[in-house]
Amino acid sequence: MGLFLSKVMTLENINNNGFSERLIGILNNGALSLMISIGHKTGLFDTLSKFSSPETSEHIAKTAKLDERYVKEWLACMVVGKLIEYDSSNQKYYLPLEHSEYLARSAGLNNIAVFFQYISPLGNVEDKIVECFKNGGGISHSEYPMFQQLQDEETSRVFDSRLLADIIPLVKGLTSQLKSGISVLDVGCGRGHALNLMAESFPNGKLYGYDASKEGIEAAREESRQKGLSNVFFEIKDVSSFDEPSKFEFVTAFGSLHGQSKPTKVLQAIHKSLKNNGIFLMRDIASSSNLQENKDNLMAPTLYTFSTMHSMAVSLAFDDGEEGLGSMWGKQKAEQKLREAGFEENIEVYEVPGDILNYYYVARKP
Ligand SMILES: C[S@@+](CC[C@H](N)C(=O)[O-])C[C@H]1O[C@@H](n2cnc3c(N)ncnc32)[C@H](O)[C@@H]1O
């Protein structure tokens with residue numbers, strides 16, 4: 001290790017403005033990302049957040065019902081990564097409150113640990129992505145077996161705290177329209193939590209959810225069964241070829257546009273499926289279509305990675321018509337594509353507090 005450090009010092013001496021240290025920092029943070037994900041999945045951050053004083057690794061492992069040897073090594077990593085504090089005099093560990101506020105599940109929308117779970121599934125497809133760099137093409141959704149579940153965990157938190165209170169009210173008068181009973185479609189509904197919440201709150205409406213994922217639709221149906229809902233209908237359907245003219249008053253697409261192989265067709269189909277004066281609400285990644293403007297976006301390196309290794313790759317997995325938008329297609333392009341699909345010139349774009357990743361676009365069919 002001493003030799004390794006002196007090598008870094010040597011690089012510093014050739015005046016690289018700390019770039020070598022930055023690279024080592026990135027390597028460390030990449031490794032820490034996997035360990036933060038483990039801390040989330042094992043519930044270790046949750047366990048630690050409940051202790052009011054420092055505890056031994058034995059006590060932490062016992063409380064979390066985990067193997068102490070692994071917990072001790074993980075704690076060591078968290079200590080040197082400066083996420084957890086350590087008292088060497090009694091070998092006890094402590095998660096400061098100002099850290100648990102972003103790492104424990106009790107943090108709600110402030111929990112950032114949830115995003116670290118995406119890193120390892122992306123690592124699983126790394127070699128396939130390298131092949132795509134050489135030969136073009138893409139990777140099918142089935143290569144990301146955890147994604148439906150991860151996506152659901154990430155977005156359900158937002159829907160639970162924001163959908164009815166903040167997101168639907170973005171459209172003036174929509175809540176009362178929903179109460180009176182209108183026809184709603186959620187495009188790319190995944191595990192259907194958003195739609196089930198709406199169906200529960202607006203029993204007079206008829207709500208439909210389409211997704212190509214069998215796993216997603218089965219989970220959505222199961223949730224609606226458990227809630228005892230009879231006004232929500234989930235179907236396995238490829239939304240790039242649905243043709244249901246003037247059927248819905250309100251259509252949503254929560255994060256499901258940027259990964260489409262044929263987003264133009266999907267937007268046209270959505271426009272066609274709306275009745276006159278219908279509303280389309282689209283949630284998609286908050287970014288600019290101009291790379292230069294994304295340099296100050298705190299999440300941009302992560303989002304371009306997710307794009308390359310998931311959203312763009314899945315959209316390029318089909319033989320024909322793929323556009324490969326990628327997650328970072330950005331506001332300007334989104335607005336342009338909405339207008340080209342036939343929506344009114346004036347598209348409203350909102351941010352919702354606590355949803356750090358997304359813009360909300362409100363587009364109207366004339
Ligand atoms: C990022 S996830 C969002 C899921 C859900 N809306 C949410 O917010 O949790 C995108 C979803 O779009 C679905 N999807 C992608 N392309 C599709 C297509 N052509 N037809 C139907 N569903 C599609 C995926 O299966 C996935 O469930």
# chains A, B, ... in the order shown; residues from 1 in each chain; ligands from 1
>>> residues_near_ligand(ligand="ligand 1", cutoff="8 Å", atoms="only C-alpha atoms and all ligand atoms", output="PyMOL selection string")
chain A and resi 141+148+151-156+186-194+210-213+216+236-241+253-257+259-262+266+315
>>> write_last_selection(atoms="C-alpha atoms", output="PDB file, in the first residue's frame")
ATOM      1  CA  HIS A 141     -34.977  -6.058 -21.126  1.00  0.00           C
ATOM      2  CA  GLN A 148     -38.808  -4.075 -12.567  1.00  0.00           C
ATOM      3  CA  GLN A 151     -37.721   0.644 -10.574  1.00  0.00           C
ATOM      4  CA  ASP A 152     -40.809  -0.059  -8.496  1.00  0.00           C
ATOM      5  CA  GLU A 153     -38.968   0.494  -5.213  1.00  0.00           C
ATOM      6  CA  GLU A 154     -37.501   3.761  -6.499  1.00  0.00           C
ATOM      7  CA  THR A 155     -40.671   5.234  -8.013  1.00  0.00           C
ATOM      8  CA  SER A 156     -43.250   3.976  -5.496  1.00  0.00           C
ATOM      9  CA  ASP A 186     -50.634   4.655 -17.920  1.00  0.00           C
ATOM     10  CA  VAL A 187     -48.136   3.813 -20.690  1.00  0.00           C
ATOM     11  CA  GLY A 188     -45.253   1.607 -19.524  1.00  0.00           C
ATOM     12  CA  CYS A 189     -46.856   1.210 -16.109  1.00  0.00           C
ATOM     13  CA  GLY A 190     -44.264  -1.257 -14.778  1.00  0.00           C
ATOM     14  CA  ARG A 191     -45.601  -2.755 -11.547  1.00  0.00           C
ATOM     15  CA  GLY A 192     -48.574  -0.400 -11.684  1.00  0.00           C
ATOM     16  CA  HIS A 193     -48.279   1.300  -8.316  1.00  0.00           C
ATOM     17  CA  ALA A 194     -49.119   4.792  -9.626  1.00  0.00           C
ATOM     18  CA  TYR A 210     -50.018  -1.242 -20.418  1.00  0.00           C
ATOM     19  CA  ASP A 211     -46.519  -2.651 -20.181  1.00  0.00           C
ATOM     20  CA  ALA A 212     -44.507  -5.143 -22.228  1.00  0.00           C
ATOM     21  CA  SER A 213     -43.188  -6.788 -19.082  1.00  0.00           C
ATOM     22  CA  GLY A 216     -44.499  -5.984 -14.209  1.00  0.00           C
ATOM     23  CA  ILE A 236     -49.253  -6.935 -21.380  1.00  0.00           C
ATOM     24  CA  LYS A 237     -48.965  -4.739 -24.431  1.00  0.00           C
ATOM     25  CA  ASP A 238     -46.252  -3.251 -26.654  1.00  0.00           C
ATOM     26  CA  VAL A 239     -47.095   0.456 -26.565  1.00  0.00           C
ATOM     27  CA  SER A 240     -45.273   1.201 -29.822  1.00  0.00           C
ATOM     28  CA  SER A 241     -48.129  -0.417 -31.723  1.00  0.00           C
ATOM     29  CA  ALA A 253     -46.041   7.921 -18.986  1.00  0.00           C
ATOM     30  CA  PHE A 254     -43.908   7.794 -15.872  1.00  0.00           C
ATOM     31  CA  GLY A 255     -40.309   7.342 -17.008  1.00  0.00           C
ATOM     32  CA  SER A 256     -41.251   5.059 -19.866  1.00  0.00           C
ATOM     33  CA  LEU A 257     -40.447   7.182 -22.932  1.00  0.00           C
ATOM     34  CA  GLY A 259     -36.146   3.665 -23.164  1.00  0.00           C
ATOM     35  CA  GLN A 260     -38.529   3.138 -26.097  1.00  0.00           C
ATOM     36  CA  SER A 261     -37.207   1.733 -29.359  1.00  0.00           C
ATOM     37  CA  LYS A 262     -39.808   3.787 -31.251  1.00  0.00           C
ATOM     38  CA  VAL A 266     -45.394   5.833 -29.013  1.00  0.00           C
ATOM     39  CA  SER A 315     -33.986   0.952 -27.036  1.00  0.00           C
TER      40      SER A 315
END
>>> residues_around(residues="Glu249 in chain A", least_positions_apart="3", cutoff="6 Å", atoms="only C-alpha atoms", output="list of chain:residue names")
A:Ser183, A:Leu274, A:Lys275, A:Gly278
>>> closest_residue(among="A:Lys41, A:Ala31, A:Asn90, A:Ala107", to="Cys77 in chain A", atoms="only C-alpha atoms")
A:Ala31
>>> residues_around(residues="Ser289 in chain A", least_positions_apart="3", cutoff="12 Å", atoms="only C-alpha atoms", output="VMD selection string")
chain A and resid 285 to 286 292 to 295 325 to 336
>>> residues_around(residues="range 78-82 of chain A", least_positions_apart="5", cutoff="9 Å", atoms="only C-alpha atoms", output="count of residues only")
7
>>> residues_around(residues="range 53-68 of chain A", least_positions_apart="4", cutoff="10 Å", atoms="only C-alpha atoms", output="PDB file with N, CA and C atoms, in the first residue's frame")
ATOM      1  N   THR A  42     -29.301  -5.207   2.868  1.00  0.00           N
ATOM      2  CA  THR A  42     -29.250  -6.003   4.100  1.00  0.00           C
ATOM      3  C   THR A  42     -29.982  -5.314   5.252  1.00  0.00           C
ATOM      4  N   GLY A  43     -30.340  -4.058   5.053  1.00  0.00           N
ATOM      5  CA  GLY A  43     -31.004  -3.316   6.130  1.00  0.00           C
ATOM      6  C   GLY A  43     -30.020  -2.793   7.170  1.00  0.00           C
ATOM      7  N   LEU A  44     -28.705  -2.858   6.869  1.00  0.00           N
ATOM      8  CA  LEU A  44     -27.723  -2.420   7.871  1.00  0.00           C
ATOM      9  C   LEU A  44     -27.844  -0.931   8.195  1.00  0.00           C
ATOM     10  N   PHE A  45     -28.120  -0.109   7.169  1.00  0.00           N
ATOM     11  CA  PHE A  45     -28.282   1.322   7.462  1.00  0.00           C
ATOM     12  C   PHE A  45     -29.503   1.539   8.370  1.00  0.00           C
ATOM     13  N   ASP A  46     -30.549   0.743   8.123  1.00  0.00           N
ATOM     14  CA  ASP A  46     -31.767   0.886   8.942  1.00  0.00           C
ATOM     15  C   ASP A  46     -31.478   0.486  10.389  1.00  0.00           C
ATOM     16  N   THR A  47     -30.748  -0.628  10.538  1.00  0.00           N
ATOM     17  CA  THR A  47     -30.396  -1.084  11.892  1.00  0.00           C
ATOM     18  C   THR A  47     -29.570  -0.020  12.598  1.00  0.00           C
ATOM     19  N   LEU A  48     -28.522   0.458  11.906  1.00  0.00           N
ATOM     20  CA  LEU A  48     -27.626   1.443  12.522  1.00  0.00           C
ATOM     21  C   LEU A  48     -28.371   2.733  12.882  1.00  0.00           C
ATOM     22  N   SER A  49     -29.339   3.095  12.050  1.00  0.00           N
ATOM     23  CA  SER A  49     -30.039   4.371  12.284  1.00  0.00           C
ATOM     24  C   SER A  49     -30.868   4.321  13.572  1.00  0.00           C
ATOM     25  N   LYS A  72     -18.568  -6.967   9.853  1.00  0.00           N
ATOM     26  CA  LYS A  72     -17.370  -6.268  10.338  1.00  0.00           C
ATOM     27  C   LYS A  72     -16.552  -5.708   9.156  1.00  0.00           C
ATOM     28  N   GLU A  73     -16.443  -6.499   8.100  1.00  0.00           N
ATOM     29  CA  GLU A  73     -15.671  -6.030   6.934  1.00  0.00           C
ATOM     30  C   GLU A  73     -16.404  -4.860   6.251  1.00  0.00           C
ATOM     31  N   TRP A  74     -17.723  -4.975   6.194  1.00  0.00           N
ATOM     32  CA  TRP A  74     -18.534  -3.899   5.600  1.00  0.00           C
ATOM     33  C   TRP A  74     -18.397  -2.626   6.437  1.00  0.00           C
ATOM     34  N   LEU A  75     -18.447  -2.787   7.777  1.00  0.00           N
ATOM     35  CA  LEU A  75     -18.308  -1.617   8.652  1.00  0.00           C
ATOM     36  C   LEU A  75     -16.955  -0.950   8.435  1.00  0.00           C
ATOM     37  N   ALA A  76     -15.903  -1.775   8.282  1.00  0.00           N
ATOM     38  CA  ALA A  76     -14.560  -1.222   8.049  1.00  0.00           C
ATOM     39  C   ALA A  76     -14.566  -0.372   6.781  1.00  0.00           C
ATOM     40  N   GLU A  85     -18.872   6.393  11.645  1.00  0.00           N
ATOM     41  CA  GLU A  85     -17.792   6.777  12.559  1.00  0.00           C
ATOM     42  C   GLU A  85     -17.381   5.594  13.419  1.00  0.00           C
ATOM     43  N   TYR A  86     -16.096   5.614  13.834  1.00  0.00           N
ATOM     44  CA  TYR A  86     -15.520   4.481  14.552  1.00  0.00           C
ATOM     45  C   TYR A  86     -14.730   4.986  15.744  1.00  0.00           C
ATOM     46  N   ASP A  87     -14.982   4.358  16.926  1.00  0.00           N
ATOM     47  CA  ASP A  87     -14.210   4.688  18.128  1.00  0.00           C
ATOM     48  C   ASP A  87     -13.250   3.525  18.370  1.00  0.00           C
ATOM     49  N   ASN A  90     -12.929   1.479  21.911  1.00  0.00           N
ATOM     50  CA  ASN A  90     -13.818   0.367  22.315  1.00  0.00           C
ATOM     51  C   ASN A  90     -14.348  -0.409  21.105  1.00  0.00           C
ATOM     52  N   GLN A  91     -13.790  -0.095  19.927  1.00  0.00           N
ATOM     53  CA  GLN A  91     -14.158  -0.778  18.671  1.00  0.00           C
ATOM     54  C   GLN A  91     -15.675  -0.752  18.427  1.00  0.00           C
ATOM     55  N   LYS A  92     -16.213   0.441  18.547  1.00  0.00           N
ATOM     56  CA  LYS A  92     -17.663   0.598  18.308  1.00  0.00           C
ATOM     57  C   LYS A  92     -17.910   1.517  17.114  1.00  0.00           C
ATOM     58  N   TYR A  93     -19.060   1.308  16.488  1.00  0.00           N
ATOM     59  CA  TYR A  93     -19.389   2.005  15.230  1.00  0.00           C
ATOM     60  C   TYR A  93     -20.666   2.820  15.412  1.00  0.00           C
ATOM     61  N   TYR A  94     -20.739   3.914  14.639  1.00  0.00           N
ATOM     62  CA  TYR A  94     -21.901   4.796  14.801  1.00  0.00           C
ATOM     63  C   TYR A  94     -22.236   5.484  13.475  1.00  0.00           C
ATOM     64  N   LEU A  95     -23.509   5.419  13.102  1.00  0.00           N
ATOM     65  CA  LEU A  95     -23.954   6.111  11.884  1.00  0.00           C
ATOM     66  C   LEU A  95     -24.511   7.477  12.291  1.00  0.00           C
ATOM     67  N   PRO A  96     -23.818   8.570  11.939  1.00  0.00           N
ATOM     68  CA  PRO A  96     -24.318   9.897  12.362  1.00  0.00           C
ATOM     69  C   PRO A  96     -25.698  10.175  11.771  1.00  0.00           C
TER      70      PRO A  96
END
>>> select_by_dssp(residues="range 83-283 of chain A", states="alpha helix (DSSP H)", output="MDAnalysis selection string")
chainID A and resid 97:103 119:124 126:135 147:158 174:180 193:201 214:227 263:273
>>> atom_distance(atom1="CA of Asn358 in chain A", atom2="CA of Arg162 in chain A")
12.7 Å
>>> atom_distance(atom1="CA of Glu351 in chain A", atom2="CA of Ser37 in chain A")
26.9 Å
>>> select_by_dssp(residues="range 115-291 of chain A", states="strand (DSSP E)", output="CSV table (one decimal) with N, CA and C atoms, in the first residue's frame")
chain,number,residue,atom,x,y,z
A,183,SER,N,-61.5,8.3,-18.1
A,183,SER,CA,-60.8,7.1,-18.6
A,183,SER,C,-59.3,7.5,-18.6
A,184,VAL,N,-58.5,6.6,-18.0
A,184,VAL,CA,-57.1,6.9,-17.8
A,184,VAL,C,-56.2,5.8,-18.3
A,185,LEU,N,-55.1,6.1,-19.0
A,185,LEU,CA,-54.1,5.1,-19.4
A,185,LEU,C,-52.7,5.5,-18.9
A,186,ASP,N,-52.0,4.5,-18.3
A,186,ASP,CA,-50.6,4.7,-17.9
A,186,ASP,C,-49.8,3.8,-18.9
A,187,VAL,N,-49.0,4.5,-19.7
A,187,VAL,CA,-48.1,3.8,-20.7
A,187,VAL,C,-46.8,3.4,-20.1
A,206,LYS,N,-62.2,4.7,-14.9
A,206,LYS,CA,-61.7,3.4,-15.5
A,206,LYS,C,-60.3,3.6,-15.8
A,207,LEU,N,-59.4,2.8,-15.2
A,207,LEU,CA,-58.0,3.0,-15.4
A,207,LEU,C,-57.3,1.8,-16.0
A,208,TYR,N,-56.4,2.1,-17.0
A,208,TYR,CA,-55.8,1.0,-17.8
A,208,TYR,C,-54.3,1.2,-17.7
A,209,GLY,N,-53.5,0.1,-17.5
A,209,GLY,CA,-52.1,0.1,-17.5
A,209,GLY,C,-51.5,-0.8,-18.5
A,210,TYR,N,-50.6,-0.4,-19.4
A,210,TYR,CA,-50.0,-1.2,-20.4
A,210,TYR,C,-48.5,-1.3,-20.2
A,211,ASP,N,-48.0,-2.5,-20.3
A,211,ASP,CA,-46.5,-2.7,-20.2
A,211,ASP,C,-46.2,-3.9,-20.9
A,232,VAL,N,-59.5,-1.0,-12.3
A,232,VAL,CA,-58.2,-0.9,-12.9
A,232,VAL,C,-57.9,-2.1,-13.7
A,233,PHE,N,-57.3,-2.0,-14.9
A,233,PHE,CA,-57.1,-3.1,-15.8
A,233,PHE,C,-55.7,-3.1,-16.4
A,234,PHE,N,-54.9,-4.1,-16.1
A,234,PHE,CA,-53.6,-4.2,-16.6
A,234,PHE,C,-53.4,-5.1,-17.8
A,235,GLU,N,-52.7,-4.7,-18.8
A,235,GLU,CA,-52.5,-5.6,-19.9
A,235,GLU,C,-51.0,-5.6,-20.4
A,236,ILE,N,-50.6,-6.8,-20.8
A,236,ILE,CA,-49.3,-6.9,-21.4
A,236,ILE,C,-49.4,-6.4,-22.8
A,248,PHE,N,-59.2,7.9,-24.2
A,248,PHE,CA,-58.8,8.3,-22.9
A,248,PHE,C,-58.9,9.9,-22.7
A,249,GLU,N,-59.2,10.3,-21.5
A,249,GLU,CA,-59.2,11.7,-21.2
A,249,GLU,C,-57.8,12.1,-20.6
A,250,PHE,N,-57.1,11.1,-20.0
A,250,PHE,CA,-55.9,11.4,-19.3
A,250,PHE,C,-54.9,10.2,-19.6
A,251,VAL,N,-53.7,10.6,-20.1
A,251,VAL,CA,-52.7,9.5,-20.3
A,251,VAL,C,-51.4,9.9,-19.6
A,252,THR,N,-50.8,9.0,-18.9
A,252,THR,CA,-49.5,9.2,-18.2
A,252,THR,C,-48.4,8.3,-18.8
A,253,ALA,N,-47.2,8.8,-18.7
A,253,ALA,CA,-46.0,7.9,-19.0
A,253,ALA,C,-45.0,8.3,-18.0
A,254,PHE,N,-44.8,7.5,-16.9
A,254,PHE,CA,-43.9,7.8,-15.9
A,254,PHE,C,-42.6,7.1,-16.2
A,274,LEU,N,-55.9,9.9,-27.1
A,274,LEU,CA,-56.6,10.9,-26.2
A,274,LEU,C,-57.8,11.4,-26.9
A,275,LYS,N,-58.8,11.7,-26.1
A,275,LYS,CA,-60.0,12.5,-26.6
A,275,LYS,C,-59.5,14.0,-26.8
A,276,ASN,N,-60.3,14.7,-27.6
A,276,ASN,CA,-60.0,16.1,-27.7
A,276,ASN,C,-60.0,16.8,-26.3
A,277,ASN,N,-59.1,17.7,-26.1
A,277,ASN,CA,-58.9,18.4,-24.8
A,277,ASN,C,-58.3,17.5,-23.8
A,278,GLY,N,-57.8,16.3,-24.2
A,278,GLY,CA,-57.2,15.3,-23.3
A,278,GLY,C,-55.8,15.8,-22.9
A,279,ILE,N,-55.4,15.2,-21.7
A,279,ILE,CA,-54.1,15.6,-21.1
A,279,ILE,C,-53.1,14.5,-21.2
A,280,PHE,N,-51.9,14.8,-21.5
A,280,PHE,CA,-50.8,13.8,-21.4
A,280,PHE,C,-49.8,14.3,-20.4
A,281,LEU,N,-49.5,13.5,-19.4
A,281,LEU,CA,-48.6,13.9,-18.3
A,281,LEU,C,-47.4,12.9,-18.4
A,282,MET,N,-46.2,13.5,-18.7
A,282,MET,CA,-45.0,12.7,-18.9
A,282,MET,C,-44.0,13.0,-17.9
A,283,ARG,N,-43.5,12.0,-17.2
A,283,ARG,CA,-42.4,12.2,-16.3
A,283,ARG,C,-41.1,11.6,-16.9
A,284,ASP,N,-40.1,12.4,-17.1
A,284,ASP,CA,-38.9,11.9,-17.7
A,284,ASP,C,-37.7,12.7,-17.1
A,285,ILE,N,-36.5,12.1,-17.4
A,285,ILE,CA,-35.3,12.5,-16.7
A,285,ILE,C,-35.1,14.0,-17.0
>>> atom_distance(atom1="CA of Lys337 in chain A", atom2="CA of Asp243 in chain A")
18.9 Å
>>> closest_residue(among="A:Arg69, A:Lys128, A:Lys214, A:Arg221", to="His310 in chain A", atoms="only C-alpha atoms")
A:Lys128
>>> decode(residues="range 276-300 of chain A", atoms="N, CA and C atoms", output="mmCIF file, in the first residue's frame")
data_model
loop_
_atom_site.group_PDB
_atom_site.id
_atom_site.type_symbol
_atom_site.label_atom_id
_atom_site.label_comp_id
_atom_site.auth_asym_id
_atom_site.auth_seq_id
_atom_site.Cartn_x
_atom_site.Cartn_y
_atom_site.Cartn_z
ATOM 1 N N ASN A 276 -60.316 14.710 -27.584
ATOM 2 C CA ASN A 276 -60.017 16.144 -27.713
ATOM 3 C C ASN A 276 -60.005 16.788 -26.331
ATOM 4 N N ASN A 277 -59.087 17.749 -26.121
ATOM 5 C CA ASN A 277 -58.863 18.401 -24.826
ATOM 6 C C ASN A 277 -58.261 17.463 -23.775
ATOM 7 N N GLY A 278 -57.808 16.293 -24.232
ATOM 8 C CA GLY A 278 -57.194 15.338 -23.302
ATOM 9 C C GLY A 278 -55.807 15.806 -22.862
ATOM 10 N N ILE A 279 -55.361 15.229 -21.747
ATOM 11 C CA ILE A 279 -54.085 15.642 -21.140
ATOM 12 C C ILE A 279 -53.096 14.484 -21.157
ATOM 13 N N PHE A 280 -51.863 14.783 -21.550
ATOM 14 C CA PHE A 280 -50.779 13.804 -21.427
ATOM 15 C C PHE A 280 -49.783 14.331 -20.400
ATOM 16 N N LEU A 281 -49.536 13.519 -19.355
ATOM 17 C CA LEU A 281 -48.565 13.871 -18.316
ATOM 18 C C LEU A 281 -47.380 12.923 -18.427
ATOM 19 N N MET A 282 -46.217 13.487 -18.731
ATOM 20 C CA MET A 282 -45.028 12.655 -18.941
ATOM 21 C C MET A 282 -43.969 13.010 -17.898
ATOM 22 N N ARG A 283 -43.492 11.979 -17.205
ATOM 23 C CA ARG A 283 -42.381 12.175 -16.256
ATOM 24 C C ARG A 283 -41.143 11.620 -16.939
ATOM 25 N N ASP A 284 -40.124 12.438 -17.061
ATOM 26 C CA ASP A 284 -38.892 11.910 -17.666
ATOM 27 C C ASP A 284 -37.672 12.657 -17.123
ATOM 28 N N ILE A 285 -36.517 12.074 -17.368
ATOM 29 C CA ILE A 285 -35.276 12.545 -16.741
ATOM 30 C C ILE A 285 -35.056 14.050 -16.959
ATOM 31 N N ALA A 286 -34.756 14.742 -15.857
ATOM 32 C CA ALA A 286 -34.503 16.187 -15.920
ATOM 33 C C ALA A 286 -33.096 16.433 -16.454
ATOM 34 N N SER A 287 -33.044 16.839 -17.710
ATOM 35 C CA SER A 287 -31.737 17.141 -18.303
ATOM 36 C C SER A 287 -31.958 18.092 -19.464
ATOM 37 N N SER A 288 -30.842 18.578 -20.000
ATOM 38 C CA SER A 288 -30.904 19.427 -21.187
ATOM 39 C C SER A 288 -30.528 18.587 -22.407
ATOM 40 N N SER A 289 -31.040 18.971 -23.571
ATOM 41 C CA SER A 289 -30.627 18.278 -24.807
ATOM 42 C C SER A 289 -29.244 18.764 -25.248
ATOM 43 N N ASN A 290 -28.738 19.818 -24.588
ATOM 44 C CA ASN A 290 -27.394 20.334 -24.911
ATOM 45 C C ASN A 290 -26.410 19.855 -23.857
ATOM 46 N N LEU A 291 -25.465 19.032 -24.272
ATOM 47 C CA LEU A 291 -24.497 18.434 -23.349
ATOM 48 C C LEU A 291 -23.873 19.469 -22.417
ATOM 49 N N GLN A 292 -23.489 20.598 -22.986
ATOM 50 C CA GLN A 292 -22.816 21.650 -22.213
ATOM 51 C C GLN A 292 -23.619 22.028 -20.965
ATOM 52 N N GLU A 293 -24.948 22.042 -21.108
ATOM 53 C CA GLU A 293 -25.801 22.467 -19.995
ATOM 54 C C GLU A 293 -25.972 21.386 -18.926
ATOM 55 N N ASN A 294 -25.507 20.164 -19.230
ATOM 56 C CA ASN A 294 -25.613 19.098 -18.234
ATOM 57 C C ASN A 294 -24.375 19.003 -17.344
ATOM 58 N N LYS A 295 -23.361 19.826 -17.651
ATOM 59 C CA LYS A 295 -22.118 19.710 -16.888
ATOM 60 C C LYS A 295 -22.312 20.062 -15.416
ATOM 61 N N ASP A 296 -23.306 20.902 -15.117
ATOM 62 C CA ASP A 296 -23.555 21.277 -13.722
ATOM 63 C C ASP A 296 -24.636 20.429 -13.064
ATOM 64 N N ASN A 297 -25.173 19.474 -13.808
ATOM 65 C CA ASN A 297 -26.195 18.578 -13.243
ATOM 66 C C ASN A 297 -25.491 17.553 -12.357
ATOM 67 N N LEU A 298 -25.780 17.611 -11.047
ATOM 68 C CA LEU A 298 -25.087 16.758 -10.070
ATOM 69 C C LEU A 298 -25.153 15.278 -10.419
ATOM 70 N N MET A 299 -26.271 14.856 -10.992
ATOM 71 C CA MET A 299 -26.485 13.423 -11.254
ATOM 72 C C MET A 299 -26.032 13.008 -12.652
ATOM 73 N N ALA A 300 -25.526 13.951 -13.448
ATOM 74 C CA ALA A 300 -25.315 13.657 -14.866
ATOM 75 C C ALA A 300 -24.375 12.469 -15.146
#
